[in-house]
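Shown next: input-v2.cif, given as mmCIF, C-alpha atoms.
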```cif
data_data
#
loop_
_atom_site.label_atom_id
_atom_site.label_comp_id
_atom_site.auth_asym_id
_atom_site.auth_seq_id
_atom_site.Cartn_x
_atom_site.Cartn_y
_atom_site.Cartn_z
CA MET A 1 9.31 10.12 30.99
CA SER A 2 10.40 9.97 27.35
CA ALA A 3 8.79 12.08 24.63
CA THR A 4 7.60 8.92 22.92
CA ARG A 5 5.91 7.71 26.10
CA ARG A 6 4.24 11.10 26.63
CA GLN A 7 2.90 11.00 23.07
CA PHE A 8 1.59 7.51 23.65
CA LEU A 9 -0.24 8.45 26.84
CA SER A 10 -1.66 11.59 25.24
CA ALA A 11 -2.97 9.62 22.27
CA ALA A 12 -4.37 6.93 24.54
CA SER A 13 -6.22 9.55 26.56
CA ALA A 14 -7.69 11.28 23.51
CA LEU A 15 -8.68 8.19 21.56
CA GLY A 16 -9.29 5.54 24.16
CA ALA A 17 -6.14 3.82 22.89
CA GLY A 18 -2.94 4.91 21.23
CA VAL A 19 0.29 3.85 19.61
CA ALA A 20 3.83 3.83 20.88
CA PHE A 21 6.57 4.59 18.40
CA THR A 22 9.85 6.37 18.00
CA GLY A 23 11.02 8.07 14.87
CA ALA A 24 12.95 10.67 12.99
CA LEU A 25 9.91 12.32 11.48
CA SER A 26 11.95 14.89 9.60
CA GLU A 27 13.07 12.01 7.39
CA VAL A 28 9.51 11.12 6.49
CA PHE A 29 8.59 14.62 5.34
CA ALA A 30 11.95 15.74 4.03
CA GLY A 31 11.73 17.92 0.98
CA THR A 32 7.94 18.07 0.59
CA ALA A 33 6.26 21.43 0.04
CA ALA A 34 3.27 20.38 2.12
CA ALA A 35 5.53 19.47 5.01
CA ALA A 36 7.08 22.92 5.05
CA GLN A 37 3.64 24.44 5.63
CA SER A 38 2.42 21.86 8.13
CA LEU A 39 1.80 22.92 11.71
CA GLY A 40 2.13 19.31 12.79
CA ARG A 41 -1.14 19.44 14.74
CA ALA A 42 -2.17 16.28 16.52
CA GLY A 43 -5.20 15.39 14.47
CA TYR A 44 -8.69 16.78 14.24
CA GLY A 45 -10.16 15.87 17.61
CA PRO A 46 -11.94 12.79 18.95
CA LEU A 47 -13.87 10.49 16.66
CA VAL A 48 -17.64 10.92 16.66
CA PRO A 49 -19.68 7.68 16.63
CA ASP A 50 -21.46 7.22 13.33
CA PRO A 51 -25.21 6.71 13.85
CA ASN A 52 -25.24 4.61 10.66
CA GLY A 53 -22.63 2.26 12.05
CA LEU A 54 -20.18 2.52 9.16
CA LEU A 55 -17.38 5.02 9.77
CA ASP A 56 -16.50 7.20 12.78
CA LEU A 57 -14.80 10.49 11.87
CA PRO A 58 -13.80 13.69 13.67
CA LYS A 59 -16.32 16.51 13.92
CA GLY A 60 -16.52 18.45 10.66
CA PHE A 61 -15.74 15.44 8.47
CA ARG A 62 -18.24 13.44 6.47
CA TYR A 63 -18.15 10.38 4.27
CA THR A 64 -19.90 9.17 1.15
CA VAL A 65 -20.21 5.47 0.33
CA LEU A 66 -19.15 5.20 -3.31
CA SER A 67 -19.43 1.47 -3.83
CA ARG A 68 -20.24 -1.71 -1.93
CA GLU A 69 -19.37 -5.33 -2.52
CA GLY A 70 -22.23 -7.20 -4.21
CA ASP A 71 -23.95 -4.11 -5.66
CA ARG A 72 -24.22 -3.93 -9.42
CA LEU A 73 -21.42 -2.29 -11.40
CA ARG A 74 -22.74 0.73 -13.31
CA SER A 75 -21.42 -0.90 -16.50
CA GLY A 76 -23.74 -3.89 -16.09
CA GLU A 77 -20.75 -6.25 -16.25
CA GLY A 78 -21.67 -7.93 -12.96
CA PRO A 79 -21.52 -7.33 -9.21
CA VAL A 80 -18.92 -5.21 -7.44
CA PRO A 81 -16.15 -7.69 -6.56
CA SER A 82 -14.93 -8.61 -3.07
CA HIS A 83 -11.86 -7.40 -1.16
CA PRO A 84 -11.08 -3.87 -2.43
CA ASP A 85 -7.47 -3.09 -1.59
CA GLY A 86 -4.83 -0.78 -3.12
CA MET A 87 -6.12 2.26 -5.01
CA ALA A 88 -5.08 5.50 -6.70
CA ALA A 89 -6.88 8.67 -7.79
CA PHE A 90 -6.28 10.48 -11.09
CA ALA A 91 -7.46 13.90 -12.24
CA GLY A 92 -10.05 14.01 -14.99
CA ARG A 93 -11.69 16.76 -16.99
CA THR A 94 -14.21 19.27 -15.59
CA GLY A 95 -13.47 18.42 -11.98
CA ARG A 96 -13.85 14.68 -12.36
CA THR A 97 -11.73 12.10 -10.51
CA HIS A 98 -10.89 8.62 -11.75
CA LEU A 99 -10.26 5.89 -9.17
CA VAL A 100 -8.61 2.58 -9.99
CA ARG A 101 -9.25 -0.03 -7.29
CA ASN A 102 -7.61 -3.41 -6.74
CA HIS A 103 -9.52 -6.51 -5.64
CA GLU A 104 -7.36 -8.90 -3.62
CA ASN A 105 -9.28 -11.99 -4.66
CA GLY A 106 -7.71 -15.41 -4.37
CA ALA A 107 -9.11 -18.71 -5.53
CA THR A 108 -11.83 -18.80 -2.86
CA ALA A 109 -13.08 -15.21 -3.16
CA ARG A 110 -16.83 -14.81 -2.83
CA ILE A 111 -17.36 -12.35 -5.70
CA PRO A 112 -14.76 -12.42 -8.50
CA VAL A 113 -13.93 -9.60 -10.86
CA PRO A 114 -16.17 -10.30 -13.88
CA ALA A 115 -14.36 -11.58 -16.96
CA VAL A 116 -14.47 -9.07 -19.83
CA SER A 117 -13.25 -9.75 -23.35
CA GLY A 118 -9.86 -8.14 -23.98
CA LEU A 119 -9.29 -7.44 -20.29
CA THR A 120 -8.95 -10.96 -18.87
CA TYR A 121 -5.53 -12.50 -18.27
CA ASP A 122 -6.47 -15.95 -16.93
CA PRO A 123 -10.14 -17.03 -16.94
CA ALA A 124 -9.52 -18.92 -13.68
CA GLY A 125 -8.24 -15.82 -11.84
CA LYS A 126 -10.76 -14.01 -9.62
CA GLY A 127 -8.77 -10.84 -8.97
CA GLY A 128 -8.30 -7.65 -10.93
CA CYS A 129 -9.26 -3.97 -10.83
CA THR A 130 -12.36 -1.87 -11.22
CA ALA A 131 -12.41 1.80 -12.23
CA LEU A 132 -14.77 4.52 -11.00
CA THR A 133 -15.41 7.99 -12.40
CA LEU A 134 -16.66 10.61 -9.92
CA ASP A 135 -17.93 14.13 -10.39
CA ARG A 136 -16.83 17.08 -8.24
CA HIS A 137 -19.55 16.22 -5.70
CA GLN A 138 -18.29 12.61 -5.27
CA ARG A 139 -21.19 11.15 -7.22
CA VAL A 140 -20.37 7.97 -9.13
CA LEU A 141 -20.78 8.54 -12.87
CA ALA A 142 -19.28 5.26 -14.06
CA GLU A 143 -17.96 1.99 -12.60
CA ARG A 144 -16.50 -0.78 -14.71
CA VAL A 145 -13.97 -3.62 -14.92
CA ALA A 146 -10.45 -2.41 -15.72
CA ILE A 147 -8.62 -5.76 -15.67
CA ALA A 148 -9.73 -9.29 -14.76
CA GLY A 149 -8.34 -12.80 -14.50
CA THR A 150 -5.46 -11.87 -12.22
CA ALA A 151 -4.94 -13.10 -8.65
CA VAL A 152 -4.58 -11.51 -5.22
CA ASN A 153 -4.23 -7.93 -6.46
CA CYS A 154 -3.02 -6.30 -3.27
CA ALA A 155 -1.39 -2.92 -3.75
CA GLY A 156 0.50 -1.24 -6.59
CA GLY A 157 1.31 2.33 -7.47
CA PRO A 158 0.55 5.18 -9.89
CA THR A 159 2.87 6.04 -12.77
CA PRO A 160 4.02 9.58 -13.63
CA TRP A 161 2.10 9.27 -16.91
CA GLY A 162 -1.24 8.63 -15.20
CA THR A 163 -1.77 4.87 -15.19
CA TRP A 164 -1.98 2.35 -12.34
CA LEU A 165 0.36 -0.57 -11.75
CA THR A 166 -1.56 -3.41 -10.07
CA CYS A 167 0.45 -6.10 -8.27
CA GLU A 168 -0.32 -9.78 -7.73
CA GLU A 169 0.63 -10.91 -4.23
CA THR A 170 1.10 -14.57 -5.11
CA GLU A 171 3.60 -16.93 -6.71
CA ASP A 172 1.08 -19.54 -7.89
CA LYS A 173 1.92 -21.18 -11.17
CA ALA A 174 -0.34 -22.61 -13.85
CA GLY A 175 -2.02 -25.74 -12.51
CA THR A 176 -2.30 -24.38 -8.96
CA ASN A 177 -5.84 -23.48 -7.84
CA GLY A 178 -7.01 -24.24 -11.37
CA TYR A 179 -5.01 -21.38 -12.89
CA THR A 180 -4.20 -21.69 -16.57
CA LYS A 181 -1.27 -19.23 -16.44
CA ASP A 182 1.54 -18.33 -14.05
CA HIS A 183 0.80 -15.52 -11.58
CA GLY A 184 2.89 -13.12 -9.50
CA PHE A 185 3.20 -10.24 -11.97
CA VAL A 186 2.59 -6.52 -12.29
CA PHE A 187 0.05 -5.24 -14.85
CA GLU A 188 -0.51 -1.71 -16.15
CA VAL A 189 -4.08 -0.37 -16.04
CA HIS A 190 -5.33 2.74 -17.81
CA PRO A 191 -7.95 4.50 -15.63
CA THR A 192 -10.29 5.59 -18.45
CA ASP A 193 -9.40 3.34 -21.40
CA PRO A 194 -8.45 -0.07 -19.94
CA HIS A 195 -8.50 -1.75 -23.38
CA ARG A 196 -5.51 0.44 -24.19
CA THR A 197 -3.43 -1.49 -21.62
CA GLY A 198 -5.32 -4.81 -21.79
CA ALA A 199 -4.18 -7.68 -19.56
CA VAL A 200 -0.46 -7.95 -20.32
CA PRO A 201 1.91 -9.07 -17.53
CA LEU A 202 5.03 -6.94 -17.16
CA THR A 203 7.21 -10.00 -16.78
CA ALA A 204 10.54 -8.14 -16.56
CA LEU A 205 9.43 -6.60 -13.24
CA GLY A 206 9.71 -10.08 -11.74
CA ARG A 207 7.41 -12.86 -10.61
CA PHE A 208 7.09 -12.82 -6.82
CA GLN A 209 4.66 -11.86 -4.05
CA HIS A 210 4.37 -8.24 -5.15
CA GLU A 211 2.92 -5.67 -2.80
CA ALA A 212 3.53 -2.08 -3.92
CA VAL A 213 5.42 -0.02 -6.51
CA ALA A 214 6.77 3.53 -6.52
CA ILE A 215 8.45 5.33 -9.42
CA ASP A 216 11.18 7.96 -9.27
CA PRO A 217 9.67 10.72 -11.47
CA ARG A 218 13.15 12.02 -12.33
CA ASP A 219 14.67 8.96 -13.96
CA GLY A 220 11.84 6.41 -14.16
CA VAL A 221 13.40 3.81 -11.85
CA LEU A 222 10.77 1.60 -10.22
CA TYR A 223 10.94 0.35 -6.61
CA GLU A 224 9.00 -2.74 -5.54
CA THR A 225 8.16 -4.39 -2.21
CA GLU A 226 7.66 -8.11 -1.61
CA ASP A 227 5.16 -9.14 1.07
CA ALA A 228 6.48 -12.38 2.54
CA PHE A 229 5.70 -13.19 6.17
CA GLN A 230 7.49 -16.55 6.35
CA LYS A 231 11.23 -17.12 6.06
CA PRO A 232 13.03 -16.36 3.93
CA PHE A 233 11.34 -12.99 4.07
CA GLY A 234 10.83 -10.63 1.15
CA LEU A 235 13.23 -8.33 -0.63
CA PHE A 236 13.20 -4.70 -1.71
CA TYR A 237 13.73 -4.38 -5.47
CA ARG A 238 14.45 -1.77 -8.08
CA PHE A 239 13.74 -2.05 -11.80
CA LEU A 240 15.77 -0.17 -14.39
CA PRO A 241 13.50 0.11 -17.44
CA HIS A 242 14.83 0.08 -20.99
CA ARG A 243 12.44 2.95 -21.80
CA PRO A 244 12.35 5.10 -18.64
CA LEU A 245 9.41 7.49 -18.37
CA GLY A 246 8.27 6.28 -21.78
CA GLY A 247 4.55 6.49 -21.07
CA THR A 248 1.74 3.96 -21.34
CA GLY A 249 3.00 0.57 -22.46
CA SER A 250 6.68 1.48 -22.16
CA LEU A 251 7.37 -1.01 -19.36
CA ARG A 252 6.66 -3.87 -21.76
CA ALA A 253 10.04 -3.10 -23.34
CA GLY A 254 11.70 -4.77 -20.35
CA GLY A 255 14.61 -3.81 -18.18
CA ARG A 256 16.84 -5.00 -15.36
CA LEU A 257 15.55 -6.24 -11.98
CA GLN A 258 17.79 -5.89 -8.92
CA ALA A 259 17.49 -6.54 -5.18
CA MET A 260 18.77 -4.30 -2.40
CA ARG A 261 21.76 -5.35 -0.30
CA VAL A 262 22.54 -3.40 2.86
CA PRO A 263 26.16 -4.41 3.61
CA GLY A 264 26.35 -6.24 6.91
CA VAL A 265 22.55 -6.33 7.41
CA ALA A 266 20.81 -9.61 6.63
CA ASP A 267 17.45 -8.66 8.19
CA LEU A 268 16.10 -5.10 8.45
CA SER A 269 14.20 -5.93 11.65
CA ALA A 270 17.54 -6.10 13.48
CA ILE A 271 17.83 -2.30 13.16
CA ARG A 272 16.27 -0.72 16.24
CA GLU A 273 17.69 2.81 16.34
CA THR A 274 15.51 5.32 14.57
CA GLY A 275 17.52 7.58 12.36
CA ALA A 276 19.99 4.76 11.74
CA ARG A 277 21.63 5.42 8.39
CA PHE A 278 23.37 3.15 5.94
CA ASP A 279 25.45 4.53 3.07
CA GLY A 280 26.78 2.62 0.11
CA ILE A 281 23.61 0.61 -0.52
CA GLU A 282 24.22 -2.04 -3.17
CA TRP A 283 21.93 -3.38 -5.88
CA VAL A 284 22.39 -6.96 -7.06
CA ASP A 285 20.93 -8.42 -10.25
CA VAL A 286 18.15 -10.95 -9.65
CA PRO A 287 19.45 -14.17 -11.25
CA ASP A 288 16.05 -15.33 -12.55
CA PRO A 289 13.33 -12.65 -12.40
CA LEU A 290 10.68 -15.09 -13.69
CA ALA A 291 11.44 -17.50 -10.83
CA ALA A 292 11.08 -20.47 -13.14
CA ALA A 293 12.56 -22.92 -10.61
CA THR A 294 13.27 -20.88 -7.44
CA PRO A 295 11.43 -17.89 -5.92
CA THR A 296 13.44 -14.70 -6.25
CA ARG A 297 13.97 -14.31 -2.50
CA PHE A 298 15.49 -17.82 -2.33
CA GLN A 299 17.96 -17.28 -5.17
CA ASP A 300 21.75 -17.07 -4.84
CA TYR A 301 22.97 -13.47 -4.59
CA GLY A 302 26.63 -14.29 -4.12
CA PRO A 303 29.00 -14.12 -1.14
CA GLY A 304 27.42 -10.96 0.30
CA GLY A 305 23.97 -12.50 0.40
CA ILE A 306 20.93 -10.24 0.25
CA THR A 307 18.89 -8.20 2.74
CA HIS A 308 15.48 -9.56 3.78
CA ALA A 309 12.60 -8.08 5.77
CA GLN A 310 9.28 -9.46 6.99
CA LYS A 311 6.05 -8.09 5.51
CA LEU A 312 7.30 -5.38 3.15
CA GLU A 313 4.12 -3.57 2.14
CA GLY A 314 3.39 0.11 1.42
CA CYS A 315 5.72 1.98 -0.93
CA TYR A 316 5.56 5.57 -2.18
CA TRP A 317 7.73 8.31 -3.65
CA GLY A 318 8.13 11.74 -2.07
CA GLY A 319 10.70 14.38 -1.21
CA GLY A 320 13.44 12.98 -3.41
CA GLY A 321 13.28 9.48 -1.97
CA VAL A 322 11.30 6.27 -1.88
CA TYR A 323 9.60 5.20 1.35
CA PHE A 324 8.63 1.65 2.15
CA VAL A 325 6.97 -0.09 5.07
CA SER A 326 7.72 -3.27 6.97
CA SER A 327 4.31 -3.93 8.47
CA PHE A 328 5.61 -5.97 11.39
CA ALA A 329 8.36 -8.36 12.43
CA ARG A 330 8.09 -11.25 14.87
CA GLY A 331 10.94 -13.21 16.34
CA ALA A 332 8.60 -16.18 16.61
CA ASP A 333 8.38 -16.20 12.81
CA GLY A 334 12.15 -16.05 12.43
CA SER A 335 12.76 -12.30 12.29
CA ALA A 336 15.87 -10.97 14.00
CA ALA A 337 13.75 -8.75 16.30
CA ASP A 338 10.15 -7.72 16.99
CA HIS A 339 8.50 -4.49 15.91
CA TYR A 340 4.99 -3.23 15.12
CA GLY A 341 6.08 -1.52 11.93
CA GLN A 342 8.99 0.33 10.34
CA VAL A 343 9.07 3.10 7.74
CA TRP A 344 12.30 3.26 5.71
CA ARG A 345 13.54 5.95 3.33
CA TYR A 346 15.94 5.27 0.48
CA ASP A 347 17.71 8.25 -1.07
CA PRO A 348 18.90 7.19 -4.56
CA ALA A 349 21.12 10.24 -5.07
CA HIS A 350 23.29 9.27 -2.10
CA ARG A 351 22.61 5.51 -2.08
CA ARG A 352 21.50 5.99 1.52
CA LEU A 353 18.92 4.03 3.55
CA THR A 354 17.48 5.57 6.74
CA LEU A 355 15.14 4.09 9.34
CA ALA A 356 12.64 6.91 9.71
CA VAL A 357 9.98 5.51 12.06
CA VAL A 358 9.61 2.46 14.31
CA PHE A 359 6.30 1.45 15.88
CA GLY A 360 6.59 -0.35 19.23
CA PRO A 361 6.71 -2.67 20.89
CA ASP A 362 6.85 -1.21 24.37
CA THR A 363 3.41 -2.34 25.46
CA ASP A 364 1.60 -5.64 25.29
CA VAL A 365 -1.74 -4.00 24.46
CA ARG A 366 -2.97 -4.10 20.87
CA LEU A 367 -3.19 -0.50 19.73
CA PRO A 368 -4.46 1.55 16.82
CA GLY A 369 -1.42 2.12 14.65
CA GLU A 370 -0.03 -1.37 14.97
CA SER A 371 1.14 -2.88 11.68
CA PRO A 372 1.09 -0.02 9.14
CA ASP A 373 0.17 -1.20 5.66
CA ASN A 374 -0.89 1.13 2.84
CA ILE A 375 0.60 4.58 3.37
CA CYS A 376 0.52 7.94 1.59
CA LEU A 377 1.37 11.60 2.10
CA ALA A 378 -1.54 13.69 3.30
CA PRO A 379 -2.14 17.17 1.85
CA GLY A 380 -1.35 18.87 5.17
CA GLY A 381 2.17 17.49 5.30
CA GLY A 382 1.67 14.32 7.33
CA LEU A 383 1.31 10.63 6.69
CA MET A 384 -1.96 8.76 6.39
CA VAL A 385 -1.67 5.08 7.22
CA CYS A 386 -3.98 2.08 7.06
CA GLU A 387 -3.81 -0.27 10.02
CA ASP A 388 -3.30 -3.97 9.30
CA GLY A 389 -3.54 -6.65 11.97
CA ASN A 390 -5.91 -8.54 14.24
CA GLY A 391 -8.92 -6.32 14.84
CA ALA A 392 -7.56 -3.68 12.44
CA GLN A 393 -10.14 -0.92 12.24
CA HIS A 394 -8.35 2.43 11.84
CA VAL A 395 -6.94 4.92 9.40
CA PHE A 396 -4.50 6.98 11.41
CA GLY A 397 -2.32 10.01 10.82
CA LEU A 398 1.24 10.73 11.83
CA THR A 399 2.37 14.35 12.20
CA ARG A 400 5.81 15.85 11.71
CA ARG A 401 6.09 16.23 15.48
CA GLY A 402 5.75 12.51 16.05
CA GLU A 403 2.13 12.50 17.17
CA VAL A 404 -0.32 9.80 16.18
CA TYR A 405 -4.04 10.42 15.79
CA ALA A 406 -7.02 8.46 14.53
CA LEU A 407 -8.70 9.85 11.42
CA ALA A 408 -11.27 7.10 10.90
CA ARG A 409 -12.55 4.04 12.72
CA GLY A 410 -14.51 1.31 10.98
CA ARG A 411 -17.74 0.19 12.60
CA GLN A 412 -18.95 -2.45 10.15
CA ASN A 413 -16.96 -5.23 11.79
CA THR A 414 -17.74 -4.61 15.45
CA GLY A 415 -18.98 -7.74 17.19
CA THR A 416 -21.83 -8.00 19.67
CA ASP A 417 -19.31 -7.40 22.47
CA GLN A 418 -18.28 -4.15 20.71
CA ARG A 419 -14.79 -5.49 20.11
CA PRO A 420 -13.42 -5.04 16.58
CA GLN A 421 -13.33 -8.01 14.25
CA TRP A 422 -11.27 -8.28 11.05
CA GLY A 423 -12.05 -5.36 8.76
CA GLU A 424 -8.81 -3.68 7.75
CA PHE A 425 -8.63 -0.50 5.72
CA ALA A 426 -6.61 -0.32 2.50
CA GLY A 427 -5.87 1.86 -0.48
CA VAL A 428 -5.80 5.25 1.23
CA THR A 429 -5.24 7.95 -1.38
CA PHE A 430 -6.14 11.59 -1.97
CA ALA A 431 -7.85 13.28 -4.88
CA PRO A 432 -5.68 15.60 -6.95
CA GLY A 433 -5.71 18.84 -4.96
CA GLY A 434 -6.13 16.98 -1.67
CA ALA A 435 -9.73 17.93 -0.82
CA THR A 436 -10.98 14.35 -0.60
CA MET A 437 -9.53 11.16 0.86
CA TYR A 438 -10.54 7.80 -0.59
CA VAL A 439 -10.16 4.56 1.33
CA ASN A 440 -11.42 0.98 1.15
CA CYS A 441 -12.73 -1.27 3.88
CA TYR A 442 -11.60 -4.77 2.98
CA THR A 443 -14.53 -6.72 4.49
CA PRO A 444 -17.32 -6.12 3.73
CA GLY A 445 -15.91 -4.44 0.64
CA THR A 446 -16.74 -0.73 0.82
CA THR A 447 -15.19 2.30 -0.85
CA PHE A 448 -15.50 5.62 0.98
CA ALA A 449 -14.89 9.25 0.02
CA VAL A 450 -14.04 11.39 3.08
CA THR A 451 -14.20 15.18 3.03
CA GLY A 452 -13.45 17.66 5.77
CA PRO A 453 -11.27 20.54 6.98
CA TRP A 454 -7.96 19.15 5.82
#
```

Once more with this new file: its structure as structure tokens, please.
Amino acid sequence: MSATRRQFLSAASALGAGVAFTGALSEVFAGTAAAAQSLGRAGYGPLVPDPNGLLDLPKGFRYTVLSREGDRLRSGEGPVPSHPDGMAAFAGRTGRTHLVRNHENGATARIPVPAVSGLTYDPAGKGGCTALTLDRHQRVLAERVAIAGTAVNCAGGPTPWGTWLTCEETEDKAGTNGYTKDHGFVFEVHPTDPHRTGAVPLTALGRFQHEAVAIDPRDGVLYETEDAFQKPFGLFYRFLPHRPLGGTGSLRAGGRLQAMRVPGVADLSAIRETGARFDGIEWVDVPDPLAAATPTRFQDYGPGGITHAQKLEGCYWGGGGVYFVSSFARGADGSAADHYGQVWRYDPAHRRLTLAVVFGPDTDVRLPGESPDNICLAPGGGLMVCEDGNGAQHVFGLTRRGEVYALARGRQNTGTDQRPQWGEFAGVTFAPGGATMYVNCYTPGTTFAVTGPW
């Protein structure tokens, strides 16, 4: 019996279900101080059913509901919008934490982000961000609109200077869905003074179905994922800013957008061997970053072509490299091979790409851990991952030893037959210092703070 299969059966026994994967976990945690101290323990024990029917957690953990869709914003600007998604936490004064939270609202969203003067890009857009200020006891002190009038704000990423980059996961142009402006951009959002950043699209970062962004804190290079689930699939991009690490507003100065080419690899899903390494990664200029006539992933990248991948989602920086997630790949959709999720690591210093983790498939059962989406480093030296897929209901952890465990299970979307309905988690992030985890439930929109013996 393989180690991977043993891990799968152990997880299935402990949790009632599990996840099968193989991986070179040392790649995922390479170079992180937290990883060096991690014991790689397999979670925190079984999940305890929540008598309130919201969130099951291990013994010793507790949650606080910070915000719920439809409640009134503390600012009085309107109701809390639908579909909370990507999120980041920033340190404030006197123990306070500032959260910036995306709302992945398309044209048919039930509760839009309220339009606010000076913070609204397109009056017809229903997406945007809200910002919360919390005290040291996770009490909400303030909640307000941070940007409005955008569309399908999915994920994003924090900057080294303490702002949030929110990404539109759409390519809709003006005239589509009633929009008055083109969409598909990245916007910068200040967590405490949103009027300082306003609603200005960072057009040089490209117009495509953005998912997430990560920034190399050493040289200011940005890395971007494109979430495309139909062929041609998305690309992995880097942006070379004219004013690297220039602080708030510096990305408006523009720069150079490029797409990653892995020589000889047209589709990342074709790579099945964990630990597979590719040196000599190439970066090719995007011919038309604004995609005036042709989406960026369709454009002509020359004789060598370009490297695609289905459902490129989570993206983060750590340990001297950038990590990004392919949530799943399906041959039926046109991918070169099937998988339930990949985690890749790109090392800029050596121009090296490594396949760190592959999830399944070696079972036909739907399992917690299928289709990783938002992803971040946990304070104990592991990964924390939001599950995305049919019946997605879990936040799960992944240890250095290759063990998967459930950290949280959503209960709000359990049907009368006790089977999970759609209710994915998103935006997992940790407070500065790591004592509190924040995460969103997409439907019904709920933001949780989770504390425990990390």

Would you mind listing, for every residue of region 215-284 of chain A within 9 Å of region 200-204 of chain A, the two atoms forming the shortest contact and the distance between them in Å to one decimal, using all atoms listed in the file, sorted by chain and ascending residue number, as a Markdown table?
```
| residue | atom | partner | partner_atom | distance |
| --- | --- | --- | --- | --- |
| A:Phe239 | CA | A:Ala204 | CA | 8.4 |
| A:Pro241 | CA | A:Ala204 | CA | 8.8 |
| A:Leu251 | CA | A:Leu202 | CA | 6.7 |
| A:Arg252 | CA | A:Leu202 | CA | 5.8 |
| A:Ala253 | CA | A:Ala204 | CA | 8.5 |
| A:Gly254 | CA | A:Ala204 | CA | 5.2 |
| A:Gly255 | CA | A:Ala204 | CA | 6.2 |
| A:Arg256 | CA | A:Ala204 | CA | 7.1 |
| A:Leu257 | CA | A:Ala204 | CA | 7.0 |
```

Would you output that residue set with C-alpha atoms, as a compact mmCIF listing (two decimals), keeping the file's coordinate frame?
```
# COMPACT_ATOMS: atom_id res chain seq x y z
CA PHE A 239 13.74 -2.05 -11.80
CA PRO A 241 13.50 0.11 -17.44
CA LEU A 251 7.37 -1.01 -19.36
CA ARG A 252 6.66 -3.87 -21.76
CA ALA A 253 10.04 -3.10 -23.34
CA GLY A 254 11.70 -4.77 -20.35
CA GLY A 255 14.61 -3.81 -18.18
CA ARG A 256 16.84 -5.00 -15.36
CA LEU A 257 15.55 -6.24 -11.98
```

Going by the chain IDs and residue numbers used in this file, which residues fall under the PyMOL selection byres ((chain A and resi 288) around 10)? Write them as a PyMOL selection string.
chain A and resi 204+206-207+257+285-287+289-296+299-300

Under the PyMOL selection byres ((chain A and resi 425-435) around 8), which residues of this model are included? Write them out as a ChimeraX atom specification.
/A:84-91,97,101,155,373-376,378-379,384-388,392-395,423-424,436-442,451-452,454

Could you expand the PyMOL selection byres ((chain A and resi 131) around 8) into the explicit residues it covers here, written as number ranges by chain?
A: 98-101, 129-130, 132-133, 142-146, 191-192

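Taking CA of Gln138 (chain A) as the reference point, CA of Glu188 (chain A) is found at 25.3 Å.
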
Which residue gives the smallest distance to Ala408 (chain A) among A:Gly125, A:Pro51, A:Pro58, A:Pro114, with only C-alpha atoms counted?
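Using only C-alpha atoms, the shortest distance to Ala408 (chain A) belongs to A:Pro58.
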
First collect every listed atom of region 286-305 of chain A; then fit an axis-aligned box around them, widen it by 3 Å on each side, and give centre and edge lengths in Å to one decimal, as lines of an AutoDock Vina configuration file.
```
center_x = 19.8
center_y = -16.9
center_z = -6.6
size_x = 24.3
size_y = 18.0
size_z = 20.1
```

How many Å lie between CA of Lys231 (chain A) and CA of Gly264 (chain A), rounded to one decimal?
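Going from CA of Lys231 (chain A) over to CA of Gly264 (chain A), I get 18.6 Å.
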
I'd like to know which of A:Arg72, A:His308, A:Lys126, A:Arg218 is closest to Gly321 (chain A), using all atoms listed in the file.
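Of all the options, A:Arg218 lies closest to Gly321 (chain A).
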
Using only C-alpha atoms, can you tell me which of A:Ala214, A:Ala151, A:Leu355, A:Ala309 comes closest to Arg261 (chain A)?
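Distance minimum relative to Arg261 (chain A) lands on A:Ala309.
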
Show me the residues close to (1.8, -5.7, 12.2) - anything with an atom within 8 Å, counting only C-alpha atoms - and format the list as a JSON list (two decimals) with C-alpha atoms, in the frame of the given file.
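That gives us point_24.json:
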```json
[["chain", "number", "residue", "atom", "x", "y", "z"],
["A", 327, "SER", "CA", 4.31, -3.93, 8.47],
["A", 328, "PHE", "CA", 5.61, -5.97, 11.39],
["A", 329, "ALA", "CA", 8.36, -8.36, 12.43],
["A", 339, "HIS", "CA", 8.50, -4.49, 15.91],
["A", 340, "TYR", "CA", 4.99, -3.23, 15.12],
["A", 341, "GLY", "CA", 6.08, -1.52, 11.93],
["A", 370, "GLU", "CA", -0.03, -1.37, 14.97],
["A", 371, "SER", "CA", 1.14, -2.88, 11.68],
["A", 372, "PRO", "CA", 1.09, -0.02, 9.14],
["A", 388, "ASP", "CA", -3.30, -3.97, 9.30],
["A", 389, "GLY", "CA", -3.54, -6.65, 11.97]]
```

Within-8 Å shell of (24.1, -7.0, -6.5) in input frame, only C-alpha atoms, as a ChimeraX atom specification
/A:258-261,282-286,301

Keeping only C-alpha atoms, write the selected residues as an mmCIF file, in the frame of the given file.
```
data_model
loop_
_atom_site.group_PDB
_atom_site.id
_atom_site.type_symbol
_atom_site.label_atom_id
_atom_site.label_comp_id
_atom_site.auth_asym_id
_atom_site.auth_seq_id
_atom_site.Cartn_x
_atom_site.Cartn_y
_atom_site.Cartn_z
ATOM 1 C CA GLN A 258 17.790 -5.890 -8.920
ATOM 2 C CA ALA A 259 17.490 -6.540 -5.180
ATOM 3 C CA MET A 260 18.770 -4.300 -2.400
ATOM 4 C CA ARG A 261 21.760 -5.350 -0.300
ATOM 5 C CA GLU A 282 24.220 -2.040 -3.170
ATOM 6 C CA TRP A 283 21.930 -3.380 -5.880
ATOM 7 C CA VAL A 284 22.390 -6.960 -7.060
ATOM 8 C CA ASP A 285 20.930 -8.420 -10.250
ATOM 9 C CA VAL A 286 18.150 -10.950 -9.650
ATOM 10 C CA TYR A 301 22.970 -13.470 -4.590
#
```
